[in-house]
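K.L.:
Structure file start-v1.tsv (TSV, C-alpha atoms) right here:
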chain	number	residue	atom	x	y	z
A	1	MET	CA	90.06	128.09	110.46
A	2	HIS	CA	91.89	128.85	113.70
A	3	ILE	CA	94.40	126.22	114.89
A	4	ILE	CA	94.81	126.89	118.60
A	5	ASN	CA	97.18	125.78	121.37
A	6	ALA	CA	99.85	125.00	118.79
A	7	SER	CA	103.56	124.59	119.34
A	8	VAL	CA	104.58	126.04	116.01
A	9	VAL	CA	107.74	124.80	114.30
A	10	SER	CA	109.10	127.71	112.28
A	11	ASP	CA	112.59	128.21	110.86
A	12	GLY	CA	113.96	125.47	113.09
A	13	LEU	CA	112.56	127.04	116.25
A	14	LEU	CA	109.74	125.90	118.54
A	15	LEU	CA	107.12	128.55	119.37
A	16	PRO	CA	104.71	127.17	122.02
A	17	GLY	CA	101.29	128.57	122.85
A	18	MET	CA	100.43	129.93	119.42
A	19	CYS	CA	97.33	130.37	117.28
A	20	VAL	CA	97.55	129.95	113.51
A	21	ARG	CA	94.78	131.38	111.33
A	22	ILE	CA	94.41	129.90	107.87
A	23	ASP	CA	92.09	130.63	104.98
A	24	GLY	CA	91.84	127.79	102.51
A	25	ALA	CA	95.33	127.27	101.13
A	26	THR	CA	97.13	130.10	102.94
A	27	ILE	CA	98.40	130.94	106.43
A	28	LEU	CA	96.94	134.35	107.25
A	29	ASP	CA	98.31	135.04	110.71
A	30	ILE	CA	100.31	133.56	113.60
A	31	PHE	CA	100.01	135.04	117.09
A	32	PRO	CA	100.22	134.08	120.80
A	33	MET	CA	97.20	132.43	122.38
A	34	GLY	CA	96.98	135.38	124.78
A	35	GLU	CA	95.75	137.44	121.83
A	36	PHE	CA	93.14	134.90	120.75
A	37	ARG	CA	89.62	136.27	121.28
A	38	GLY	CA	87.66	133.57	119.50
A	39	PRO	CA	86.71	133.65	115.83
A	40	GLN	CA	83.43	134.76	114.36
A	41	ASN	CA	81.84	132.13	112.13
A	42	ASP	CA	85.09	130.19	111.83
A	43	LYS	CA	86.21	126.65	112.59
A	44	ILE	CA	88.52	125.95	115.54
A	45	LEU	CA	90.99	123.08	115.74
A	46	ASP	CA	92.54	122.65	119.19
A	47	ILE	CA	95.75	120.62	118.86
A	48	GLN	CA	96.36	120.72	122.62
A	49	GLY	CA	100.01	121.74	122.65
A	50	ASN	CA	101.16	119.37	119.92
A	51	LEU	CA	103.58	120.55	117.26
A	52	LEU	CA	102.36	122.24	114.09
A	53	SER	CA	104.74	121.99	111.14
A	54	ALA	CA	104.72	122.42	107.40
A	55	GLY	CA	103.91	119.33	105.36
A	56	PHE	CA	106.91	117.10	104.71
A	57	ILE	CA	108.79	117.40	101.41
A	58	ASP	CA	110.52	114.40	99.78
A	59	ILE	CA	112.85	115.29	96.90
A	60	HIS	CA	114.00	111.71	96.28
A	61	THR	CA	111.38	108.97	96.01
A	62	HIS	CA	111.28	106.29	93.31
A	63	GLY	CA	108.10	104.60	94.39
A	64	CYS	CA	105.87	103.14	97.08
A	65	ALA	CA	102.66	101.12	97.47
A	66	MET	CA	103.76	98.67	94.74
A	67	CYS	CA	104.22	101.50	92.24
A	68	ASP	CA	107.26	103.21	90.68
A	69	ALA	CA	107.76	106.41	88.71
A	70	MET	CA	109.19	104.26	85.93
A	71	ASP	CA	105.83	102.51	85.53
A	72	ALA	CA	104.89	105.64	83.59
A	73	THR	CA	101.16	105.32	84.30
A	74	GLU	CA	98.63	107.68	85.83
A	75	ALA	CA	97.47	104.88	88.13
A	76	SER	CA	100.96	104.49	89.59
A	77	PHE	CA	101.36	108.22	90.14
A	78	ASP	CA	97.94	108.23	91.83
A	79	LYS	CA	98.97	105.49	94.26
A	80	MET	CA	102.25	107.25	94.98
A	81	ALA	CA	100.41	110.51	95.65
A	82	ASP	CA	97.96	108.75	97.96
A	83	PHE	CA	100.76	107.07	99.91
A	84	HIS	CA	102.86	110.19	100.32
A	85	PHE	CA	99.91	112.30	101.37
A	86	GLY	CA	98.88	109.61	103.85
A	87	ASN	CA	102.33	109.97	105.39
A	88	GLY	CA	102.17	113.74	105.74
A	89	GLU	CA	104.25	114.44	102.63
A	90	THR	CA	102.44	117.23	100.84
A	91	THR	CA	105.19	117.84	98.26
A	92	PHE	CA	107.36	115.26	96.54
A	93	TYR	CA	109.52	114.73	93.47
A	94	PRO	CA	109.00	111.38	91.70
A	95	THR	CA	112.46	110.03	90.93
A	96	THR	CA	113.57	108.07	87.89
A	97	LEU	CA	116.57	105.75	87.76
A	98	THR	CA	119.14	104.61	85.22
A	99	ALA	CA	117.35	103.02	82.27
A	100	PRO	CA	117.21	103.38	78.48
A	101	LEU	CA	116.40	106.98	77.56
A	102	PRO	CA	113.13	105.99	75.83
A	103	SER	CA	111.94	104.40	79.11
A	104	ILE	CA	112.89	107.51	81.08
A	105	GLU	CA	111.20	109.75	78.53
A	106	LYS	CA	108.03	107.66	78.77
A	107	ALA	CA	107.92	108.34	82.50
A	108	LEU	CA	108.60	112.04	81.93
A	109	ASN	CA	105.83	112.33	79.34
A	110	CYS	CA	103.34	110.64	81.65
A	111	PHE	CA	104.30	112.94	84.50
A	112	ARG	CA	104.01	116.02	82.28
A	113	ASN	CA	100.27	115.42	81.92
A	114	TYR	CA	99.64	114.13	85.43
A	115	ARG	CA	97.44	115.98	87.93
A	116	PRO	CA	97.10	114.47	91.43
A	117	LYS	CA	93.68	113.77	92.88
A	118	VAL	CA	94.77	114.43	96.47
A	119	PRO	CA	96.12	117.74	97.85
A	120	VAL	CA	99.81	117.17	97.14
A	121	TRP	CA	102.15	119.14	94.90
A	122	LEU	CA	104.58	117.47	92.51
A	123	PRO	CA	106.85	120.32	91.34
A	124	GLY	CA	108.89	118.15	88.98
A	125	ILE	CA	110.99	115.07	88.40
A	126	HIS	CA	114.27	114.11	90.05
A	127	LEU	CA	116.42	112.47	87.37
A	128	GLU	CA	118.78	110.09	89.19
A	129	GLY	CA	120.97	108.77	86.41
A	130	PRO	CA	121.91	107.80	83.80
A	131	PHE	CA	124.91	110.16	84.14
A	132	LEU	CA	126.51	108.22	86.99
A	133	SER	CA	129.84	106.49	87.55
A	134	SER	CA	130.27	102.77	87.03
A	135	ALA	CA	132.70	102.87	89.96
A	136	ASN	CA	129.91	103.70	92.41
A	137	LYS	CA	126.68	102.80	90.65
A	138	GLY	CA	124.98	101.30	93.72
A	139	ALA	CA	121.83	99.48	92.60
A	140	GLN	CA	121.70	101.41	89.31
A	141	ASN	CA	121.89	99.32	86.13
A	142	LEU	CA	125.44	99.38	84.72
A	143	GLU	CA	124.20	98.59	81.21
A	144	TYR	CA	122.39	101.91	80.83
A	145	LEU	CA	124.87	104.37	82.33
A	146	LEU	CA	125.70	107.20	79.91
A	147	LEU	CA	128.25	109.93	79.41
A	148	PRO	CA	126.87	113.47	78.99
A	149	GLY	CA	127.50	113.93	75.27
A	150	LYS	CA	125.62	116.48	73.18
A	151	GLU	CA	122.72	114.19	72.29
A	152	ASN	CA	122.17	113.22	75.92
A	153	ILE	CA	122.43	116.81	77.11
A	154	ASP	CA	119.83	117.70	74.49
A	155	PHE	CA	117.56	115.09	76.07
A	156	VAL	CA	117.81	116.90	79.41
A	157	ILE	CA	117.20	120.32	77.81
A	158	ARG	CA	114.19	118.97	75.94
A	159	ASN	CA	112.64	117.88	79.22
A	160	SER	CA	113.82	120.74	81.41
A	161	ASP	CA	110.23	121.92	81.85
A	162	ILE	CA	109.68	119.04	84.28
A	163	ILE	CA	113.18	117.87	85.32
A	164	LYS	CA	113.84	120.03	88.38
A	165	LEU	CA	116.58	118.02	90.10
A	166	ILE	CA	119.31	115.83	88.62
A	167	THR	CA	121.91	113.57	90.22
A	168	VAL	CA	125.20	113.33	88.31
A	169	ALA	CA	128.68	111.97	88.97
A	170	PRO	CA	131.24	114.82	89.10
A	171	ASP	CA	134.02	112.59	87.75
A	172	LEU	CA	132.43	111.89	84.35
A	173	PRO	CA	134.08	113.37	81.25
A	174	GLY	CA	132.06	116.35	80.01
A	175	ILE	CA	130.07	116.70	83.24
A	176	LYS	CA	130.91	120.41	83.62
A	177	THR	CA	128.97	121.23	80.44
A	178	LEU	CA	125.96	119.23	81.63
A	179	ILE	CA	125.96	120.90	85.05
A	180	GLU	CA	126.21	124.39	83.57
A	181	THR	CA	123.44	123.58	81.07
A	182	CYS	CA	121.18	122.29	83.85
A	183	VAL	CA	121.76	125.43	85.93
A	184	ASP	CA	120.98	127.60	82.89
A	185	HIS	CA	117.66	125.74	82.51
A	186	GLY	CA	116.62	125.97	86.17
A	187	ILE	CA	117.54	122.41	87.17
A	188	THR	CA	119.12	121.90	90.59
A	189	VAL	CA	122.21	119.69	90.41
A	190	SER	CA	123.24	117.14	93.02
A	191	GLY	CA	126.32	114.92	92.97
A	192	GLY	CA	126.46	111.26	93.82
A	193	HIS	CA	126.97	107.69	92.61
A	194	ASP	CA	130.46	108.90	91.79
A	195	GLY	CA	134.14	108.15	92.04
A	196	ALA	CA	135.22	111.77	92.24
A	197	ILE	CA	138.14	113.28	94.10
A	198	GLU	CA	138.29	116.74	95.64
A	199	THR	CA	139.40	118.60	92.49
A	200	GLU	CA	136.52	117.15	90.46
A	201	VAL	CA	134.04	117.90	93.22
A	202	ARG	CA	135.25	121.51	93.46
A	203	GLU	CA	134.96	121.91	89.69
A	204	ALA	CA	131.39	120.60	89.81
A	205	MET	CA	130.58	123.02	92.62
A	206	ALA	CA	132.03	125.90	90.62
A	207	ALA	CA	129.81	124.84	87.70
A	208	GLY	CA	126.72	124.97	89.93
A	209	MET	CA	126.34	121.69	91.85
A	210	LYS	CA	124.54	122.44	95.12
A	211	SER	CA	123.92	119.15	96.86
A	212	VAL	CA	125.06	115.58	97.52
A	213	THR	CA	122.71	112.69	96.86
A	214	HIS	CA	122.19	110.33	99.83
A	215	ILE	CA	125.50	111.04	101.54
A	216	PHE	CA	127.47	107.98	102.75
A	217	CYS	CA	125.50	105.86	100.27
A	218	SER	CA	127.36	105.47	96.95
A	219	SER	CA	128.96	108.88	97.44
A	220	SER	CA	132.71	109.00	96.80
A	221	THR	CA	135.00	108.96	99.80
A	222	ILE	CA	138.68	108.63	100.76
A	223	CYS	CA	140.63	106.80	98.06
A	224	LYS	CA	143.96	106.55	96.29
A	225	ARG	CA	144.46	107.68	92.72
A	226	ASN	CA	147.89	107.42	91.13
A	227	PHE	CA	149.32	106.48	94.53
A	228	GLU	CA	148.07	109.72	96.08
A	229	ARG	CA	145.41	109.90	98.73
A	230	HIS	CA	142.29	111.97	98.07
A	231	VAL	CA	138.97	112.77	99.67
A	232	GLY	CA	135.66	112.45	97.86
A	233	ILE	CA	132.32	114.18	97.71
A	234	THR	CA	131.40	112.80	101.15
A	235	GLU	CA	134.20	114.60	102.95
A	236	ILE	CA	133.77	117.78	100.91
A	237	ALA	CA	130.08	117.83	101.83
A	238	LEU	CA	130.84	117.36	105.52
A	239	CYS	CA	133.15	120.37	105.48
A	240	SER	CA	131.51	122.67	102.94
A	241	GLU	CA	128.79	125.11	103.97
A	242	ALA	CA	127.94	125.48	100.29
A	243	LEU	CA	126.60	121.94	99.83
A	244	TYR	CA	123.36	120.42	101.02
A	245	ALA	CA	123.39	116.72	101.88
A	246	GLU	CA	120.54	114.28	101.36
A	247	ALA	CA	120.32	111.69	104.14
A	248	ILE	CA	118.43	108.39	104.16
A	249	ALA	CA	117.77	108.52	107.90
A	250	ASP	CA	116.26	105.07	108.35
A	251	GLY	CA	118.77	103.79	110.90
A	252	ALA	CA	120.21	101.37	108.34
A	253	HIS	CA	121.58	103.38	105.41
A	254	LEU	CA	122.72	105.85	108.06
A	255	PRO	CA	122.93	104.29	111.51
A	256	TYR	CA	121.70	106.86	114.02
A	257	GLU	CA	125.22	107.35	115.37
A	258	LEU	CA	126.41	108.21	111.85
A	259	PHE	CA	123.52	110.60	111.36
A	260	SER	CA	124.58	112.35	114.56
A	261	VAL	CA	128.07	112.77	113.07
A	262	LEU	CA	126.52	114.31	109.96
A	263	TYR	CA	124.46	116.66	112.12
A	264	LYS	CA	127.51	117.71	114.15
A	265	CYS	CA	129.39	118.52	110.94
A	266	LYS	CA	126.70	120.29	108.96
A	267	GLY	CA	124.00	121.45	111.35
A	268	TYR	CA	120.35	121.16	110.45
A	269	ARG	CA	120.03	123.83	107.75
A	270	LYS	CA	121.96	121.92	105.08
A	271	ILE	CA	120.67	118.38	105.70
A	272	ILE	CA	117.67	117.06	103.78
A	273	LEU	CA	115.80	113.93	104.84
A	274	VAL	CA	114.93	111.80	101.82
A	275	SER	CA	113.19	108.46	101.63
A	276	ASP	CA	114.82	107.14	98.42
A	277	SER	CA	111.77	104.90	98.66
A	278	ILE	CA	111.06	102.07	96.22
A	279	ARG	CA	107.86	100.30	95.20
A	280	ALA	CA	108.21	97.93	98.18
A	281	THR	CA	107.64	100.82	100.61
A	282	GLY	CA	104.43	100.18	102.50
A	283	MET	CA	104.42	96.54	101.44
A	284	GLY	CA	105.77	93.38	103.11
A	285	LYS	CA	108.90	91.28	102.86
A	286	GLY	CA	109.75	89.69	99.53
A	287	GLN	CA	111.29	90.41	96.15
A	288	TYR	CA	110.47	93.54	94.18
A	289	TYR	CA	111.76	95.34	91.11
A	290	LEU	CA	113.50	98.69	91.10
A	291	GLY	CA	112.15	100.42	88.02
A	292	GLU	CA	110.07	98.59	85.43
A	293	PRO	CA	108.88	95.11	86.45
A	294	GLY	CA	110.84	92.49	84.53
A	295	LYS	CA	113.30	95.09	83.24
A	296	GLY	CA	114.65	96.79	86.35
A	297	THR	CA	116.77	95.39	89.17
A	298	LEU	CA	115.30	92.67	91.38
A	299	VAL	CA	115.86	93.33	95.09
A	300	GLU	CA	115.15	91.53	98.37
A	301	VAL	CA	113.17	93.39	101.02
A	302	THR	CA	113.49	92.58	104.73
A	303	ASP	CA	111.53	94.19	107.55
A	304	LYS	CA	114.03	97.10	107.61
A	305	VAL	CA	115.75	97.55	104.24
A	306	ALA	CA	115.90	96.57	100.58
A	307	MET	CA	119.11	95.04	99.22
A	308	LEU	CA	120.48	93.44	96.10
A	309	LEU	CA	119.88	89.71	95.89
A	310	ASP	CA	123.55	88.99	96.59
A	311	LYS	CA	123.25	91.19	99.71
A	312	SER	CA	126.28	93.23	98.61
A	313	MET	CA	124.56	96.58	99.17
A	314	TYR	CA	121.31	98.31	100.02
A	315	ALA	CA	118.97	99.16	97.16
A	316	GLY	CA	116.77	102.10	98.03
A	317	SER	CA	114.74	102.52	101.19
A	318	ILE	CA	111.37	101.31	102.44
A	319	THR	CA	111.01	104.08	105.04
A	320	PRO	CA	108.93	107.23	104.34
A	321	VAL	CA	110.13	110.61	105.60
A	322	ARG	CA	107.43	110.53	108.29
A	323	LYS	CA	109.08	107.50	109.91
A	324	MET	CA	112.52	109.06	109.57
A	325	VAL	CA	111.38	112.05	111.61
A	326	GLU	CA	109.96	109.73	114.23
A	327	GLY	CA	113.07	107.53	114.26
A	328	LEU	CA	115.48	110.44	114.65
A	329	ALA	CA	113.37	111.89	117.46
A	330	LYS	CA	113.49	108.55	119.28
A	331	ASN	CA	117.09	107.54	118.64
A	332	THR	CA	119.12	110.77	118.66
A	333	ASP	CA	119.49	113.84	120.85
A	334	ILE	CA	118.65	116.20	117.98
A	335	PRO	CA	115.78	118.58	118.90
A	336	LEU	CA	112.56	117.71	117.09
A	337	GLU	CA	112.20	121.19	115.62
A	338	LYS	CA	115.60	120.77	113.92
A	339	ILE	CA	114.59	117.35	112.59
A	340	VAL	CA	111.39	118.83	111.17
A	341	TYR	CA	113.41	121.59	109.48
A	342	MET	CA	115.40	118.90	107.63
A	343	ALA	CA	112.14	117.42	106.31
A	344	THR	CA	110.48	120.70	105.34
A	345	THR	CA	112.37	123.98	105.12
A	346	SER	CA	115.73	122.59	104.04
A	347	PRO	CA	114.44	120.80	100.90
A	348	ALA	CA	112.22	123.77	100.04
A	349	THR	CA	115.21	126.12	100.26
A	350	LEU	CA	117.45	123.92	98.09
A	351	MET	CA	114.76	123.63	95.43
A	352	GLY	CA	113.88	127.32	95.50
A	353	LEU	CA	110.23	126.69	96.44
A	354	ARG	CA	108.50	129.87	97.49
A	355	ASN	CA	106.01	130.18	100.38
A	356	ILE	CA	106.22	126.50	101.21
A	357	GLY	CA	108.09	124.35	103.70
A	358	ASP	CA	107.58	126.44	106.84
A	359	VAL	CA	104.87	127.84	109.09
A	360	LYS	CA	104.90	131.56	108.33
A	361	THR	CA	102.37	134.20	107.35
A	362	GLY	CA	101.64	133.98	103.64
A	363	TYR	CA	102.92	130.42	103.35
A	364	GLU	CA	101.00	127.38	102.13
A	365	ALA	CA	98.59	125.99	104.72
A	366	LYS	CA	99.35	122.31	104.19
A	367	LEU	CA	100.36	121.39	107.71
A	368	ASN	CA	101.18	118.45	109.92
A	369	VAL	CA	100.35	117.96	113.59
A	370	LEU	CA	103.04	115.98	115.43
A	371	SER	CA	103.28	114.64	118.95
A	372	SER	CA	106.16	115.77	121.16
A	373	ASN	CA	108.07	112.62	120.14
A	374	GLY	CA	107.63	113.18	116.41
A	375	VAL	CA	104.68	110.90	115.67
A	376	LEU	CA	102.43	112.22	112.90
A	377	LEU	CA	98.90	112.74	114.22
A	378	LYS	CA	97.07	114.79	111.58
A	379	THR	CA	97.54	116.49	108.23
A	380	ILE	CA	95.65	119.67	107.37
A	381	ALA	CA	95.04	120.65	103.75
A	382	ASN	CA	92.47	123.12	102.41
A	383	GLU	CA	91.09	123.36	105.97
A	384	THR	CA	90.28	119.64	105.94
A	385	VAL	CA	91.77	117.62	108.80
A	386	TYR	CA	93.03	114.14	107.97
A	387	GLU	CA	93.59	111.88	110.96
A	388	ARG	CA	96.72	109.74	110.84
What would you get if you wrote out this structure as structure tokens?

P.N.:
Amino acid sequence: MHIINASVVSDGLLLPGMCVRIDGATILDIFPMGEFRGPQNDKILDIQGNLLSAGFIDIHTHGCAMCDAMDATEASFDKMADFHFGNGETTFYPTTLTAPLPSIEKALNCFRNYRPKVPVWLPGIHLEGPFLSSANKGAQNLEYLLLPGKENIDFVIRNSDIIKLITVAPDLPGIKTLIETCVDHGITVSGGHDGAIETEVREAMAAGMKSVTHIFCSSSTICKRNFERHVGITEIALCSEALYAEAIADGAHLPYELFSVLYKCKGYRKIILVSDSIRATGMGKGQYYLGEPGKGTLVEVTDKVAMLLDKSMYAGSITPVRKMVEGLAKNTDIPLEKIVYMATTSPATLMGLRNIGDVKTGYEAKLNVLSSNGVLLKTIANETVYER
């Protein structure tokens, strides 16, 4: 297939007037339209100057479409895959939350044998909790928070074939050993839901922590400890070129003005758009459970956000990455190609995914077509065009 008259988004740059030749699952060539002579016995898709990007990647998503990773059923994973693919997300990491280890392991075992029926890739699980701080637990269940002792570290090692990302609190006793063990087993480590100060954050970084989970949302910040003032993981992330920062860019968790501050501090290459979506995503207003129905945390969903019943804090998001791209394009001055980078190349780079997350020769040909204002128009996978 030849995709013609494309404004290609590649490595954060916009390349107008391009032709992209794909063969099944792979991008074969990218060249200016002036060199296009017409294919022989090949399909042509004219996208009329619209943007062509890699498929979106979501590394932090608990659920959607009335389903949750903690349901631990093939049917729920199917519905999640359908929803994400329908929103142009061709790669995602189902995300667990703080719960009894047997419940988490049930979800992991179900995922281990799961194969999606739509053309999406699920590289692994994001384990958010239970190694989090009670001081900044957010909507996580306090009852099931754990310290990283030997038995619990063994649990992570035992499931390291599918756990590919883990969120931990840098201030927990024994966390250095867990971080180093995760790195040794190929698990990317992110910090969050913590009460850490700068020395603890730096120690976690030295041990191998690479990212911050949903910055500004249950991430430690300026505080006093023993009458001395300290900064937290939020400020370290804003200043450090070494750390990536997840951002829930729905206009609520991060008001657009705050996102612009984040962008000014970090630039686009180290920001990752994440949905942190829950089972209520794609549904209507009402009450829904985070995690297992009847066992997880009950939350109230409005037309914009989910929050705890006492309205003390937000509780996950109901906005897919697709809508975050569109919202940032509409409500900030950030160039669309930079926004797209944060939803594609940046997460792929953090997670070490090869030949995915960008429009380049030899890369995966799962692609999105976007309007000039960031609205998703089409998704292309295996040379099939899906209208959005």

K.L.:
Mind giving me the straight-line distance from atom CA of His185 of chain A to atom CA of Ile157 of chain A in Å, one decimal?

P.N.:
7.2 Å

K.L.:
Could you tell me how far atom CA of Gly232 of chain A sits from atom CA of Ala343 of chain A, in Å to one decimal place?

P.N.:
25.5 Å

K.L.:
As AutoDock Vina command-line options, please: the centre and edge lengths in Å, to one decimal, of an axis-aligned box enclosing every listed atom of segment 181-189 of chain A with 4 Å added on each side.

P.N.:
--center_x 120.0 --center_y 123.6 --center_z 85.8 --size_x 14.8 --size_y 15.9 --size_z 17.5

K.L.:
When distances are computed from only C-alpha atoms, which of A:Glu337, A:Asp58, A:Glu246, A:Glu128 shows the smallest separation from Val359 of chain A?

P.N.:
A:Glu337

K.L.:
Kindly give the distance, in Å, that separates atom CA of Thr221 of chain A and atom CA of Ile248 of chain A, rounded to a single decimal.

P.N.:
17.1 Å

K.L.:
Scan for residues within 6 Å of the point (112.3, 105.8, 98.2) in the coordinates of the file, using all atoms listed in the file, and reply as JSON, numbers by chain.

P.N.:
{"A": [61, 62, 63, 275, 276, 277, 278, 316, 317]}

K.L.:
Determine the nearest neighbour of Arg21 of chain A from the options A:Glu74, A:Glu198, A:Glu151, A:Asp46, counting only C-alpha atoms.

P.N.:
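Among the listed residues, the smallest separation from Arg21 of chain A belongs to A:Asp46.
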
K.L.:
Ranking A:His84, A:His2, A:Lys224, A:Lys106 by minimum distance to Val118 of chain A and counting all atoms listed in the file, which one comes first?

P.N.:
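Closest to Val118 of chain A of all the choices is A:His84.
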
K.L.:
Which one of A:Cys239, A:Ala365, A:Ala245, A:Val340 sits closest to Cys265 of chain A if you count only C-alpha atoms?

P.N.:
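Selected residue with least distance to Cys265 of chain A: A:Cys239.
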
K.L.:
For Asn5 of chain A, which residue out of A:Pro39, A:Gly192, A:Pro32, A:Gly49 is the nearest one, using all atoms listed in the file?

P.N.:
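Smallest separation from Asn5 of chain A among the options: A:Gly49.
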
K.L.:
Just the residues within 10 Å of Lys176 of chain A, please, counting all atoms listed in the file, with nothing from its chain fewer than 5 positions along; format it as a list in words.

P.N.:
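My reading of the contact set: Pro148, Pro170, Asp171, Thr181, Cys182, Glu200, Glu203, Ala204, Met205, Ala206, Ala207, Gly208 and Met209 of chain A.
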
K.L.:
Please produce a file of those selected residues containing C-alpha atoms, as a PDB file, in the coordinates of the input.

P.N.:
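What landed in part-v4.pdb:
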ATOM      1  CA  PRO A 148     126.870 113.470  78.990  1.00  0.00           C
ATOM      2  CA  PRO A 170     131.240 114.820  89.100  1.00  0.00           C
ATOM      3  CA  ASP A 171     134.020 112.590  87.750  1.00  0.00           C
ATOM      4  CA  THR A 181     123.440 123.580  81.070  1.00  0.00           C
ATOM      5  CA  CYS A 182     121.180 122.290  83.850  1.00  0.00           C
ATOM      6  CA  GLU A 200     136.520 117.150  90.460  1.00  0.00           C
ATOM      7  CA  GLU A 203     134.960 121.910  89.690  1.00  0.00           C
ATOM      8  CA  ALA A 204     131.390 120.600  89.810  1.00  0.00           C
ATOM      9  CA  MET A 205     130.580 123.020  92.620  1.00  0.00           C
ATOM     10  CA  ALA A 206     132.030 125.900  90.620  1.00  0.00           C
ATOM     11  CA  ALA A 207     129.810 124.840  87.700  1.00  0.00           C
ATOM     12  CA  GLY A 208     126.720 124.970  89.930  1.00  0.00           C
ATOM     13  CA  MET A 209     126.340 121.690  91.850  1.00  0.00           C
TER      14      MET A 209
END

K.L.:
Taking into account all atoms listed in the file, which residue in the set A:Phe259, A:Trp121, A:Phe131, A:Tyr386 is nearest to Tyr144 of chain A?

P.N.:
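Looking only at the distances to Tyr144 of chain A, the closest residue turns out to be A:Phe131.
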
K.L.:
Just the residues within 9 Å of Asn50 of chain A, please, counting all atoms listed in the file, with nothing from its chain fewer than 5 positions along; format it as a PyMOL selection string.

P.N.:
chain A and resi 5-8+16+369-372

K.L.:
Store the residues picked out above in a file with C-alpha atoms, as a tab-separated table (two decimals), keeping the file's coordinate frame.

P.N.:
chain	number	residue	atom	x	y	z
A	5	ASN	CA	97.18	125.78	121.37
A	6	ALA	CA	99.85	125.00	118.79
A	7	SER	CA	103.56	124.59	119.34
A	8	VAL	CA	104.58	126.04	116.01
A	16	PRO	CA	104.71	127.17	122.02
A	369	VAL	CA	100.35	117.96	113.59
A	370	LEU	CA	103.04	115.98	115.43
A	371	SER	CA	103.28	114.64	118.95
A	372	SER	CA	106.16	115.77	121.16

K.L.:
So which residues touch Met342 of chain A within 6 Å, counting only C-alpha atoms, skipping near sequence neighbours fewer than 2 positions away, as an MDAnalysis selection string?

P.N.:
chainID A and resid 271:273 339:340 344 346
